[in-house]
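Source file: query_23.cif; contents: mmCIF, C-alpha atoms (C1' of nucleotides).
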```cif
data_model
#
loop_
_atom_site.group_PDB
_atom_site.id
_atom_site.type_symbol
_atom_site.label_atom_id
_atom_site.label_comp_id
_atom_site.auth_asym_id
_atom_site.auth_seq_id
_atom_site.Cartn_x
_atom_site.Cartn_y
_atom_site.Cartn_z
ATOM 1 C CA MET N 26 4.673 45.080 43.792
ATOM 2 C CA PRO N 27 8.200 45.801 42.771
ATOM 3 C CA GLU N 28 9.893 47.962 45.394
ATOM 4 C CA LEU N 29 13.578 48.536 46.026
ATOM 5 C CA PRO N 30 14.592 44.866 46.566
ATOM 6 C CA GLU N 31 12.733 43.660 43.491
ATOM 7 C CA VAL N 32 14.110 46.500 41.368
ATOM 8 C CA GLU N 33 17.637 45.804 42.636
ATOM 9 C CA LEU N 34 17.364 42.096 41.806
ATOM 10 C CA THR N 35 16.074 43.048 38.368
ATOM 11 C CA ARG N 36 18.990 45.474 37.971
ATOM 12 C CA ARG N 37 21.541 42.752 38.686
ATOM 13 C CA HIS N 38 20.083 40.520 35.991
ATOM 14 C CA LEU N 39 19.840 43.351 33.455
ATOM 15 C CA ASP N 40 23.374 44.557 34.176
ATOM 16 C CA GLU N 41 24.698 41.050 33.624
ATOM 17 C CA ALA N 42 22.882 40.797 30.291
ATOM 18 C CA MET N 43 23.232 44.366 28.962
ATOM 19 C CA ARG N 44 26.518 45.830 30.215
ATOM 20 C CA GLY N 45 28.689 46.667 27.211
ATOM 21 C CA ARG N 46 26.062 45.399 24.789
ATOM 22 C CA ARG N 47 24.742 47.322 21.793
ATOM 23 C CA LEU N 48 20.999 47.689 21.289
ATOM 24 C CA VAL N 49 20.671 46.361 17.749
ATOM 25 C CA ARG N 50 16.905 46.647 17.422
ATOM 26 C CA VAL N 51 14.381 48.272 19.760
ATOM 27 C CA SER N 52 10.606 48.071 19.533
ATOM 28 C CA THR N 53 8.223 49.818 21.921
ATOM 29 C CA THR N 54 4.653 48.784 21.263
ATOM 30 C CA HIS N 55 2.483 50.540 23.839
ATOM 31 C CA PRO N 56 2.023 54.330 23.939
ATOM 32 C CA ARG N 57 1.725 54.433 27.723
ATOM 33 C CA THR N 58 5.055 52.640 28.116
ATOM 34 C CA ALA N 59 6.684 55.436 26.088
ATOM 35 C CA ARG N 60 4.647 58.290 27.612
ATOM 36 C CA HIS N 61 7.633 60.091 29.138
ATOM 37 C CA ASN N 62 9.091 60.815 25.715
ATOM 38 C CA ALA N 63 7.135 63.452 23.792
ATOM 39 C CA GLY N 64 7.714 61.585 20.543
ATOM 40 C CA GLY N 65 6.278 58.390 21.945
ATOM 41 C CA ALA N 66 7.331 54.878 20.998
ATOM 42 C CA THR N 67 8.987 55.963 17.756
ATOM 43 C CA GLU N 68 11.259 58.386 19.582
ATOM 44 C CA VAL N 69 12.210 55.818 22.232
ATOM 45 C CA ASP N 70 13.102 53.260 19.581
ATOM 46 C CA GLU N 71 15.060 55.665 17.383
ATOM 47 C CA ARG N 72 17.075 57.179 20.208
ATOM 48 C CA LEU N 73 17.977 53.768 21.644
ATOM 49 C CA GLU N 74 18.810 51.846 18.487
ATOM 50 C CA GLY N 75 22.531 51.489 17.887
ATOM 51 C CA ARG N 76 23.485 52.676 21.369
ATOM 52 C CA THR N 77 25.685 50.710 23.730
ATOM 53 C CA VAL N 78 24.763 50.246 27.385
ATOM 54 C CA ARG N 79 27.561 51.238 29.777
ATOM 55 C CA GLU N 80 25.925 49.670 32.814
ATOM 56 C CA VAL N 81 22.545 49.254 34.465
ATOM 57 C CA GLY N 82 22.158 51.275 37.647
ATOM 58 C CA ARG N 83 19.355 52.047 40.040
ATOM 59 C CA LYS N 84 18.128 54.866 42.196
ATOM 60 C CA GLY N 85 15.181 54.101 44.418
ATOM 61 C CA LYS N 86 12.726 52.247 42.239
ATOM 62 C CA PHE N 87 14.099 53.697 38.993
ATOM 63 C CA LEU N 88 16.450 51.769 36.719
ATOM 64 C CA ALA N 89 18.908 54.060 34.961
ATOM 65 C CA ALA N 90 21.311 52.823 32.294
ATOM 66 C CA PRO N 91 23.823 55.341 30.921
ATOM 67 C CA LEU N 92 24.495 54.910 27.198
ATOM 68 C CA ASP N 93 27.610 55.488 25.103
ATOM 69 C CA ASP N 94 26.330 58.797 23.667
ATOM 70 C CA GLY N 95 25.544 60.459 27.005
ATOM 71 C CA GLN N 96 21.866 59.641 27.000
ATOM 72 C CA THR N 97 20.318 57.490 29.718
ATOM 73 C CA LEU N 98 17.810 54.701 29.400
ATOM 74 C CA ILE N 99 15.371 54.960 32.301
ATOM 75 C CA ALA N 100 12.826 52.326 33.252
ATOM 76 C CA HIS N 101 10.300 52.002 36.048
ATOM 77 C CA LEU N 102 8.444 48.774 36.820
ATOM 78 C CA GLY N 103 5.380 50.590 38.130
ATOM 79 C CA MET N 104 3.302 48.025 39.957
ATOM 80 C CA SER N 105 3.122 45.186 37.465
ATOM 81 C CA GLY N 106 6.197 45.582 35.291
ATOM 82 C CA ARG N 107 8.927 42.979 34.887
ATOM 83 C CA PHE N 108 11.783 42.303 32.516
ATOM 84 C CA THR N 109 12.687 39.049 30.843
ATOM 85 C CA ILE N 110 16.009 38.103 29.286
ATOM 86 C CA GLY N 111 15.968 35.338 26.740
ATOM 87 C CA ASP N 112 15.963 34.078 23.188
ATOM 88 C CA PRO N 113 14.072 36.118 20.555
ATOM 89 C CA SER N 114 12.325 32.957 19.380
ATOM 90 C CA GLU N 115 10.517 32.531 22.692
ATOM 91 C CA GLU N 116 6.784 33.140 22.657
ATOM 92 C CA VAL N 117 5.890 36.771 23.342
ATOM 93 C CA ALA N 118 3.855 37.052 26.534
ATOM 94 C CA LEU N 119 0.669 39.076 26.695
ATOM 95 C CA HIS N 120 1.322 42.710 27.710
ATOM 96 C CA THR N 121 4.850 42.767 26.312
ATOM 97 C CA HIS N 122 5.350 46.460 25.529
ATOM 98 C CA PHE N 123 9.081 46.771 24.835
ATOM 99 C CA ARG N 124 11.658 44.523 23.183
ATOM 100 C CA ALA N 125 15.354 45.176 22.675
ATOM 101 C CA THR N 126 17.630 42.829 20.745
ATOM 102 C CA LEU N 127 21.247 42.947 21.907
ATOM 103 C CA ASP N 128 24.329 42.422 19.752
ATOM 104 C CA ASP N 129 24.835 38.946 21.200
ATOM 105 C CA GLY N 130 21.378 37.872 20.047
ATOM 106 C CA VAL N 131 19.752 38.042 23.479
ATOM 107 C CA GLU N 132 16.399 39.792 23.709
ATOM 108 C CA VAL N 133 15.338 41.920 26.675
ATOM 109 C CA ARG N 134 11.582 42.353 27.069
ATOM 110 C CA PHE N 135 9.395 44.505 29.285
ATOM 111 C CA ILE N 136 6.025 43.056 30.308
ATOM 112 C CA ASP N 137 3.591 45.346 32.137
ATOM 113 C CA PRO N 138 -0.165 44.540 32.299
ATOM 114 C CA ARG N 139 -1.206 47.697 34.150
ATOM 115 C CA THR N 140 1.120 50.028 32.258
ATOM 116 C CA PHE N 141 2.070 52.000 35.359
ATOM 117 C CA GLY N 142 5.658 51.341 34.406
ATOM 118 C CA PHE N 143 7.541 53.000 31.567
ATOM 119 C CA VAL N 144 10.676 53.044 29.469
ATOM 120 C CA ALA N 145 12.233 56.388 28.565
ATOM 121 C CA VAL N 146 15.407 57.774 27.040
ATOM 122 C CA VAL N 147 16.694 61.129 28.231
ATOM 123 C CA SER N 148 19.569 63.496 27.484
ATOM 124 C CA PRO N 149 21.462 65.034 30.414
ATOM 125 C CA GLU N 150 19.267 68.140 30.114
ATOM 126 C CA GLU N 151 16.089 66.068 30.046
ATOM 127 C CA MET N 152 17.401 64.128 33.047
ATOM 128 C CA VAL N 153 17.448 67.334 35.084
ATOM 129 C CA GLU N 154 13.867 68.067 34.072
ATOM 130 C CA SER N 155 12.700 64.524 34.702
ATOM 131 C CA GLY N 156 11.413 63.241 37.993
ATOM 132 C CA LEU N 157 14.529 61.139 38.431
ATOM 133 C CA SER N 158 16.611 64.154 39.412
ATOM 134 C CA ARG N 159 14.229 64.814 42.284
ATOM 135 C CA VAL N 160 14.433 61.290 43.671
ATOM 136 C CA GLY N 161 15.913 61.369 47.145
ATOM 137 C CA PRO N 162 18.683 59.250 48.717
ATOM 138 C CA ASP N 163 18.388 55.526 48.066
ATOM 139 C CA ALA N 164 17.141 53.628 51.123
ATOM 140 C CA TRP N 165 19.656 50.821 50.605
ATOM 141 C CA GLU N 166 22.778 52.284 49.015
ATOM 142 C CA MET N 167 22.909 55.670 50.704
ATOM 143 C CA ALA N 168 20.412 55.765 53.527
ATOM 144 C CA PRO N 169 20.481 59.017 55.473
ATOM 145 C CA THR N 170 21.591 59.177 59.114
ATOM 146 C CA ALA N 171 18.946 59.702 61.785
ATOM 147 C CA PRO N 172 19.852 63.391 62.277
ATOM 148 C CA ASP N 173 19.754 63.960 58.500
ATOM 149 C CA LEU N 174 16.387 62.269 58.295
ATOM 150 C CA ALA N 175 15.121 64.342 61.218
ATOM 151 C CA ASP N 176 16.266 67.391 59.300
ATOM 152 C CA ALA N 177 14.480 66.272 56.144
ATOM 153 C CA LEU N 178 11.274 65.598 58.060
ATOM 154 C CA GLY N 179 11.487 68.941 59.819
ATOM 155 C CA LYS N 180 8.101 69.906 61.173
ATOM 156 C CA ARG N 181 6.167 67.839 58.642
ATOM 157 C CA THR N 182 2.740 66.931 59.979
ATOM 158 C CA ALA N 183 1.846 64.235 57.457
ATOM 159 C CA PRO N 184 1.697 60.628 58.716
ATOM 160 C CA VAL N 185 5.133 58.969 58.731
ATOM 161 C CA LYS N 186 3.708 56.259 56.477
ATOM 162 C CA ALA N 187 2.871 58.836 53.802
ATOM 163 C CA LEU N 188 6.304 60.416 54.142
ATOM 164 C CA LEU N 189 8.043 57.043 53.748
ATOM 165 C CA LEU N 190 6.247 56.624 50.423
ATOM 166 C CA ASP N 191 7.438 60.077 49.307
ATOM 167 C CA GLN N 192 10.438 59.206 47.127
ATOM 168 C CA VAL N 193 11.977 62.650 47.688
ATOM 169 C CA ILE N 194 12.767 62.041 51.369
ATOM 170 C CA VAL N 195 14.048 58.464 51.046
ATOM 171 C CA SER N 196 13.659 56.485 47.830
ATOM 172 C CA GLY N 197 12.862 52.843 47.226
ATOM 173 C CA LEU N 198 10.218 52.069 49.812
ATOM 174 C CA GLY N 199 6.721 51.119 48.654
ATOM 175 C CA ASN N 200 3.635 50.094 50.544
ATOM 176 C CA ILE N 201 4.889 46.654 51.596
ATOM 177 C CA TYR N 202 8.300 47.553 53.006
ATOM 178 C CA ALA N 203 7.090 50.816 54.534
ATOM 179 C CA ASP N 204 4.538 48.856 56.591
ATOM 180 C CA GLU N 205 7.115 46.194 57.447
ATOM 181 C CA ALA N 206 9.738 48.703 58.566
ATOM 182 C CA LEU N 207 7.291 50.686 60.706
ATOM 183 C CA HIS N 208 6.215 47.499 62.448
ATOM 184 C CA LEU N 209 9.758 46.346 63.095
ATOM 185 C CA ALA N 210 10.568 49.791 64.496
ATOM 186 C CA GLY N 211 7.416 49.871 66.638
ATOM 187 C CA ILE N 212 6.168 53.107 65.078
ATOM 188 C CA HIS N 213 2.479 53.699 64.332
ATOM 189 C CA PRO N 214 1.942 54.668 60.653
ATOM 190 C CA LEU N 215 -0.174 57.687 61.642
ATOM 191 C CA ARG N 216 2.531 59.292 63.812
ATOM 192 C CA PRO N 217 3.277 62.747 62.357
ATOM 193 C CA GLY N 218 6.697 62.577 60.670
ATOM 194 C CA GLY N 219 8.031 65.707 62.307
ATOM 195 C CA GLU N 220 7.256 64.431 65.787
ATOM 196 C CA LEU N 221 9.494 61.383 65.551
ATOM 197 C CA THR N 222 12.502 61.537 67.853
ATOM 198 C CA VAL N 223 16.049 60.810 66.720
ATOM 199 C CA SER N 224 15.724 57.571 68.685
ATOM 200 C CA ASP N 225 12.573 56.685 66.710
ATOM 201 C CA LEU N 226 14.366 57.470 63.468
ATOM 202 C CA GLU N 227 17.397 55.378 64.423
ATOM 203 C CA ARG N 228 15.123 52.393 65.012
ATOM 204 C CA LEU N 229 13.271 53.134 61.760
ATOM 205 C CA LEU N 230 16.458 53.298 59.681
ATOM 206 C CA ALA N 231 17.742 50.083 61.252
ATOM 207 C CA ALA N 232 14.380 48.440 60.510
ATOM 208 C CA ILE N 233 14.486 49.583 56.888
ATOM 209 C CA GLU N 234 17.947 48.053 56.479
ATOM 210 C CA ILE N 235 16.820 44.754 58.002
ATOM 211 C CA VAL N 236 13.590 44.554 56.015
ATOM 212 C CA LEU N 237 15.227 45.399 52.678
ATOM 213 C CA GLY N 238 18.194 43.117 53.334
ATOM 214 C CA GLN N 239 15.944 40.196 54.175
ATOM 215 C CA ALA N 240 13.883 40.769 51.032
ATOM 216 C CA LEU N 241 17.019 40.851 48.884
ATOM 217 C CA GLU N 242 18.254 37.598 50.412
ATOM 218 C CA ASN N 243 14.890 35.959 49.777
ATOM 219 C CA GLY N 244 14.665 36.982 46.138
ATOM 220 C CA GLY N 245 12.043 39.672 46.681
ATOM 221 C CA THR N 246 8.354 39.550 47.484
ATOM 222 C CA SER N 247 6.056 37.933 44.913
ATOM 223 C CA LEU N 248 2.395 38.509 45.711
ATOM 224 C CA ASP N 249 0.048 35.788 44.576
ATOM 225 C CA ASP N 250 -1.943 37.881 42.096
ATOM 226 C CA LEU N 251 0.196 39.774 39.589
ATOM 227 C CA ALA N 252 3.272 37.953 40.763
ATOM 228 C CA TYR N 253 6.504 39.814 40.518
ATOM 229 C CA LEU N 254 9.006 37.529 38.838
ATOM 230 C CA LEU N 255 12.727 37.880 38.405
ATOM 231 C CA PRO N 256 14.018 38.173 34.836
ATOM 232 C CA ASP N 257 14.913 34.479 35.013
ATOM 233 C CA GLY N 258 11.252 33.664 35.716
ATOM 234 C CA ARG N 259 11.731 32.753 39.367
ATOM 235 C CA ALA N 260 9.353 34.008 42.058
ATOM 236 C CA GLY N 261 10.660 35.630 45.231
ATOM 237 C CA GLU N 262 10.142 33.887 48.531
ATOM 238 C CA ASN N 263 9.819 36.870 50.859
ATOM 239 C CA LEU N 264 6.006 36.796 51.021
ATOM 240 C CA GLU N 265 5.963 34.281 53.868
ATOM 241 C CA ARG N 266 8.401 36.462 55.798
ATOM 242 C CA LEU N 267 6.127 39.499 55.889
ATOM 243 C CA ARG N 268 5.135 40.509 59.406
ATOM 244 C CA VAL N 269 2.076 42.701 58.847
ATOM 245 C CA TYR N 270 1.536 43.528 55.178
ATOM 246 C CA GLY N 271 -1.570 41.744 53.872
ATOM 247 C CA ARG N 272 -2.058 40.010 57.214
ATOM 248 C CA THR N 273 -5.131 41.845 58.538
ATOM 249 C CA GLY N 274 -6.658 39.933 61.452
ATOM 250 C CA LEU N 275 -3.739 37.522 61.714
ATOM 251 C CA PRO N 276 -1.525 37.504 64.818
ATOM 252 C CA CYS N 277 1.353 39.938 65.122
ATOM 253 C CA PRO N 278 4.571 37.866 64.976
ATOM 254 C CA THR N 279 5.902 39.769 67.985
ATOM 255 C CA CYS N 280 3.000 39.880 70.443
ATOM 256 C CA GLY N 281 0.153 37.895 68.903
ATOM 257 C CA ALA N 282 -2.356 40.758 68.757
ATOM 258 C CA ALA N 283 -4.501 40.918 65.623
ATOM 259 C CA VAL N 284 -2.971 42.978 62.816
ATOM 260 C CA GLU N 285 -5.143 45.953 61.836
ATOM 261 C CA ARG N 286 -5.607 47.696 58.516
ATOM 262 C CA ILE N 287 -6.360 51.368 57.927
ATOM 263 C CA VAL N 288 -6.211 53.556 54.836
ATOM 264 C CA ILE N 289 -3.665 56.368 54.673
ATOM 265 C CA ARG N 290 -3.458 58.510 51.535
ATOM 266 C CA ALA N 291 -5.523 55.976 49.594
ATOM 267 C CA ARG N 292 -3.036 53.222 50.486
ATOM 268 C CA SER N 293 -3.688 50.341 52.853
ATOM 269 C CA SER N 294 -1.578 50.378 56.010
ATOM 270 C CA HIS N 295 -1.100 47.298 58.165
ATOM 271 C CA PHE N 296 0.110 47.556 61.748
ATOM 272 C CA CYS N 297 0.013 45.959 65.206
ATOM 273 C CA PRO N 298 -2.047 48.064 67.637
ATOM 274 C CA VAL N 299 0.058 46.837 70.562
ATOM 275 C CA CYS N 300 3.607 47.029 69.190
ATOM 276 C CA GLN N 301 2.893 50.285 67.359
ATOM 277 C CA PRO N 302 1.076 52.558 69.866
ATOM 278 C CA ALA N 303 -1.306 55.105 68.371
ATOM 279 C CA PRO N 304 -0.112 58.726 68.456
ATOM 280 C "C1'" DA W 12 5.068 74.790 50.730
ATOM 281 C "C1'" DA W 13 2.646 71.068 52.363
ATOM 282 C "C1'" DC W 14 -1.033 68.138 52.199
ATOM 283 C "C1'" DG W 15 -4.625 65.359 50.394
ATOM 284 C "C1'" DA W 16 -7.525 63.808 46.638
ATOM 285 C "C1'" DT W 17 -7.857 62.041 42.019
ATOM 286 C "C1'" DC W 18 -6.519 59.662 38.028
ATOM 287 C "C1'" DC W 19 -4.314 56.152 35.211
ATOM 288 C "C1'" DC W 20 -4.883 50.572 34.230
ATOM 289 C "C1'" DT W 21 -6.220 45.514 34.319
ATOM 290 C "C1'" DG W 22 -6.123 40.913 36.772
ATOM 291 C "C1'" DT W 23 -8.157 39.164 40.720
ATOM 292 C "C1'" DT W 24 -11.541 38.850 44.177
ATOM 293 C "C1'" DG W 25 -15.809 39.043 46.629
ATOM 294 C "C1'" DG W 26 -20.626 39.721 46.915
ATOM 295 C "C1'" DC W 27 -25.108 38.761 45.237
ATOM 296 C "C1'" DT H 10 -22.466 29.209 38.586
ATOM 297 C "C1'" DG H 11 -22.015 33.709 36.549
ATOM 298 C "C1'" DC H 12 -21.636 38.421 36.425
ATOM 299 C "C1'" DC H 13 -19.938 42.805 37.750
ATOM 300 C "C1'" DA H 14 -18.332 46.214 41.003
ATOM 301 C "C1'" DA H 15 -14.670 46.911 43.996
ATOM 302 C "C1'" DC H 16 -9.955 46.617 44.929
ATOM 303 C "C1'" DA H 17 -4.846 46.846 44.501
ATOM 304 C "C1'" DG H 18 -1.039 50.675 44.056
ATOM 305 C "C1'" DG H 19 3.483 54.401 42.156
ATOM 306 C "C1'" DG H 20 3.701 58.512 40.672
ATOM 307 C "C1'" DA H 21 1.927 62.709 38.203
ATOM 308 C "C1'" DT H 22 -1.105 66.350 38.656
ATOM 309 C "C1'" DC H 23 -4.258 69.463 40.613
ATOM 310 C "C1'" DG H 24 -6.918 71.990 44.119
ATOM 311 C "C1'" DT H 25 -6.783 73.907 48.681
#
```
What does the file become when written as structure tokens?
Amino acid sequence: MPELPEVELTRRHLDEAMRGRRLVRVSTTHPRTARHNAGGATEVDERLEGRTVREVGRKGKFLAAPLDDGQTLIAHLGMSGRFTIGDPSEEVALHTHFRATLDDGVEVRFIDPRTFGFVAVVSPEEMVESGLSRVGPDAWEMAPTAPDLADALGKRTAPVKALLLDQVIVSGLGNIYADEALHLAGIHPLRPGGELTVSDLERLLAAIEIVLGQALENGGTSLDDLAYLLPDGRAGENLERLRVYGRTGLPCPTCGAAVERIVIRARSSHFCPVCQPAP
DNA sequence: AACGATCCCTGTTGGC
DNA sequence: TGCCAACAGGGATCGT
């Protein structure tokens, strides 16, 4: 699944290809991909065509590209979305829902089998109304300090795992890296968020930085099913570096105990029962 | 307000 | 071997 590292690697490729480029022709071909614009695919295409991309940025798992007229192109990879950058003559892959031809002849495509992702174009006013304005501090670029995080968690009673997935508190973590960071920090996923000490949170923030940094260095995590691929078609190599995610029953890399799996908020959580003591 | 459940979707997997 | 139900999950939405 694309989480912060995969989105960031995608951003770098898109910025390289799109910065300063004009969108000559845009074609959105799936209604769910355009669902965040009331006018659907037609509106997305019309509002994007002719615009020039200033740069491609990112906040959490959202890609946000400001345009020359003040609008912003927003994209989310959902759980199966990926971009490709290439020649318009290349064969169009199944589940290609968005295509944009740039003024240098390059074509950017969005492929998303499960359609959890989307492409949207918003004005500054619409930006305020959109979910993007509510996205919290980016876990990589502007991670909060431990005291700030303690403040944000307050007396929250929800499991820390659920709170890490809440993009309002810290943005960019998904199921894989949340599990990985909690393991590295030695924190059980069911610990109530508000009960974590500043010391716990310092270890957690350090773990998040390590886990995300390692994933970025390794080109992201490509699961074997709906493999996440970089825009250049390469697969990430971080899968083999995962410590607990998807490793139920296998030995914990730290102590050797069998990794366990439980369900929290309808999401699988993997943890070591020894290194991450139950609350 | 906070929390938890439900829904969306389709490729893959596992059980019979 | 073949079929089909179950599973995976980010975020929006809704009920409590």
Protein and nucleic acid residues near (-6.2, 62.7, 38.6) (cut-off 10 Å, only C-alpha atoms (C1' of nucleotides)) as a PyMOL selection string: (chain W and resi 16-19) or (chain H and resi 21-23)
Residue list for chain N near chain H as a ChimeraX atom specification, 12 Å, all atoms listed in the file: /N:26-28,60-61,85-87,101-106,139-143,155-157,160,190-193,196-201,248,250-251,271,290-294
Contact set, chain W to chain N: 9 Å, only C-alpha atoms (C1' of nucleotides), as a PyMOL selection string: chain W and resi 13-16+19-23
Selection dump of the PyMOL selection byres ((chain N and resi 114-120) around 9), as a ChimeraX atom specification: /N:55,111-113,121-122,134-140
Would you export the selected residues with C-alpha atoms as a PDB file, keeping the file's coordinate frame, please?
```
ATOM      1  CA  HIS N  55       2.483  50.540  23.839  1.00  0.00           C
ATOM      2  CA  GLY N 111      15.968  35.338  26.740  1.00  0.00           C
ATOM      3  CA  ASP N 112      15.963  34.078  23.188  1.00  0.00           C
ATOM      4  CA  PRO N 113      14.072  36.118  20.555  1.00  0.00           C
ATOM      5  CA  THR N 121       4.850  42.767  26.312  1.00  0.00           C
ATOM      6  CA  HIS N 122       5.350  46.460  25.529  1.00  0.00           C
ATOM      7  CA  ARG N 134      11.582  42.353  27.069  1.00  0.00           C
ATOM      8  CA  PHE N 135       9.395  44.505  29.285  1.00  0.00           C
ATOM      9  CA  ILE N 136       6.025  43.056  30.308  1.00  0.00           C
ATOM     10  CA  ASP N 137       3.591  45.346  32.137  1.00  0.00           C
ATOM     11  CA  PRO N 138      -0.165  44.540  32.299  1.00  0.00           C
ATOM     12  CA  ARG N 139      -1.206  47.697  34.150  1.00  0.00           C
ATOM     13  CA  THR N 140       1.120  50.028  32.258  1.00  0.00           C
TER      14      THR N 140
END
```
Could you tell me which residues the PyMOL selection byres ((chain N and resi 222-237) around 8) returns for this structure, as a PDB file with C-alpha atoms, keeping the file's coordinate frame?
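That gives us result-v8.pdb:
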```pdb
ATOM      1  CA  LEU N  29      13.578  48.536  46.026  1.00  0.00           C
ATOM      2  CA  PRO N  30      14.592  44.866  46.566  1.00  0.00           C
ATOM      3  CA  ALA N 164      17.141  53.628  51.123  1.00  0.00           C
ATOM      4  CA  TRP N 165      19.656  50.821  50.605  1.00  0.00           C
ATOM      5  CA  ALA N 168      20.412  55.765  53.527  1.00  0.00           C
ATOM      6  CA  THR N 170      21.591  59.177  59.114  1.00  0.00           C
ATOM      7  CA  ALA N 171      18.946  59.702  61.785  1.00  0.00           C
ATOM      8  CA  PRO N 172      19.852  63.391  62.277  1.00  0.00           C
ATOM      9  CA  LEU N 174      16.387  62.269  58.295  1.00  0.00           C
ATOM     10  CA  ALA N 175      15.121  64.342  61.218  1.00  0.00           C
ATOM     11  CA  TYR N 202       8.300  47.553  53.006  1.00  0.00           C
ATOM     12  CA  ALA N 203       7.090  50.816  54.534  1.00  0.00           C
ATOM     13  CA  GLU N 205       7.115  46.194  57.447  1.00  0.00           C
ATOM     14  CA  ALA N 206       9.738  48.703  58.566  1.00  0.00           C
ATOM     15  CA  LEU N 207       7.291  50.686  60.706  1.00  0.00           C
ATOM     16  CA  LEU N 209       9.758  46.346  63.095  1.00  0.00           C
ATOM     17  CA  ALA N 210      10.568  49.791  64.496  1.00  0.00           C
ATOM     18  CA  ILE N 212       6.168  53.107  65.078  1.00  0.00           C
ATOM     19  CA  GLU N 220       7.256  64.431  65.787  1.00  0.00           C
ATOM     20  CA  LEU N 221       9.494  61.383  65.551  1.00  0.00           C
ATOM     21  CA  GLY N 238      18.194  43.117  53.334  1.00  0.00           C
ATOM     22  CA  GLN N 239      15.944  40.196  54.175  1.00  0.00           C
ATOM     23  CA  ALA N 240      13.883  40.769  51.032  1.00  0.00           C
ATOM     24  CA  LEU N 241      17.019  40.851  48.884  1.00  0.00           C
TER      25      LEU N 241
END
```
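The gap separating atom CA of N:Glu262 from atom CA of N:Ser247 is 6.8 Å, in Å to one decimal.
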Residue among N:Ala59, N:Asp257, N:Ala177, N:Gly211 lying closest to N:Val299, counting all atoms listed in the file: N:Gly211
Ground truth for the PyMOL selection byres ((chain N and resi 89) around 12), written as a PyMOL selection string: chain N and resi 32-33+35-36+39-40+78-88+90-92+96-102+143-147+152+157-158
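Take atom CA of N:Arg266 and atom CA of N:Cys280: the distance between them is 16.0 Å.
Interatomic distance, atom CA of N:Asp176 to atom CA of N:Ile194: 10.2 Å.
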Reconstruct all heavy atoms of stretch 26-30 of chain N from the incomplete input and present them as an mmCIF file, keeping the file's coordinate frame.
```
data_model
loop_
_atom_site.group_PDB
_atom_site.id
_atom_site.type_symbol
_atom_site.label_atom_id
_atom_site.label_comp_id
_atom_site.auth_asym_id
_atom_site.auth_seq_id
_atom_site.Cartn_x
_atom_site.Cartn_y
_atom_site.Cartn_z
ATOM 1 N N MET N 26 4.272 43.839 44.487
ATOM 2 C CA MET N 26 4.673 45.080 43.792
ATOM 3 C C MET N 26 6.179 45.206 43.837
ATOM 4 O O MET N 26 6.790 44.962 44.870
ATOM 5 C CB MET N 26 4.098 46.312 44.485
ATOM 6 C CG MET N 26 2.706 46.124 45.025
ATOM 7 S SD MET N 26 1.513 45.806 43.773
ATOM 8 C CE MET N 26 0.562 44.511 44.531
ATOM 9 N N PRO N 27 6.752 45.593 42.744
ATOM 10 C CA PRO N 27 8.200 45.801 42.771
ATOM 11 C C PRO N 27 8.558 47.035 43.589
ATOM 12 O O PRO N 27 8.072 48.129 43.320
ATOM 13 C CB PRO N 27 8.571 46.014 41.298
ATOM 14 C CG PRO N 27 7.339 45.727 40.519
ATOM 15 C CD PRO N 27 6.187 45.862 41.438
ATOM 16 N N GLU N 28 9.347 46.848 44.621
ATOM 17 C CA GLU N 28 9.893 47.962 45.394
ATOM 18 C C GLU N 28 11.415 47.817 45.311
ATOM 19 O O GLU N 28 11.914 47.060 44.485
ATOM 20 C CB GLU N 28 9.376 47.927 46.836
ATOM 21 C CG GLU N 28 7.845 47.976 46.900
ATOM 22 C CD GLU N 28 7.284 47.989 48.308
ATOM 23 O OE1 GLU N 28 8.016 48.374 49.231
ATOM 24 O OE2 GLU N 28 6.126 47.610 48.488
ATOM 25 N N LEU N 29 12.121 48.511 46.160
ATOM 26 C CA LEU N 29 13.578 48.536 46.026
ATOM 27 C C LEU N 29 14.227 47.149 45.875
ATOM 28 O O LEU N 29 15.035 46.956 44.960
ATOM 29 C CB LEU N 29 14.194 49.304 47.204
ATOM 30 C CG LEU N 29 15.689 49.604 47.112
ATOM 31 C CD1 LEU N 29 16.026 50.854 47.890
ATOM 32 C CD2 LEU N 29 16.559 48.448 47.551
ATOM 33 N N PRO N 30 13.907 46.165 46.712
ATOM 34 C CA PRO N 30 14.592 44.866 46.566
ATOM 35 C C PRO N 30 14.314 44.199 45.216
ATOM 36 O O PRO N 30 15.235 43.639 44.602
ATOM 37 C CB PRO N 30 14.008 44.025 47.715
ATOM 38 C CG PRO N 30 13.497 45.029 48.696
ATOM 39 C CD PRO N 30 13.009 46.179 47.875
#
```
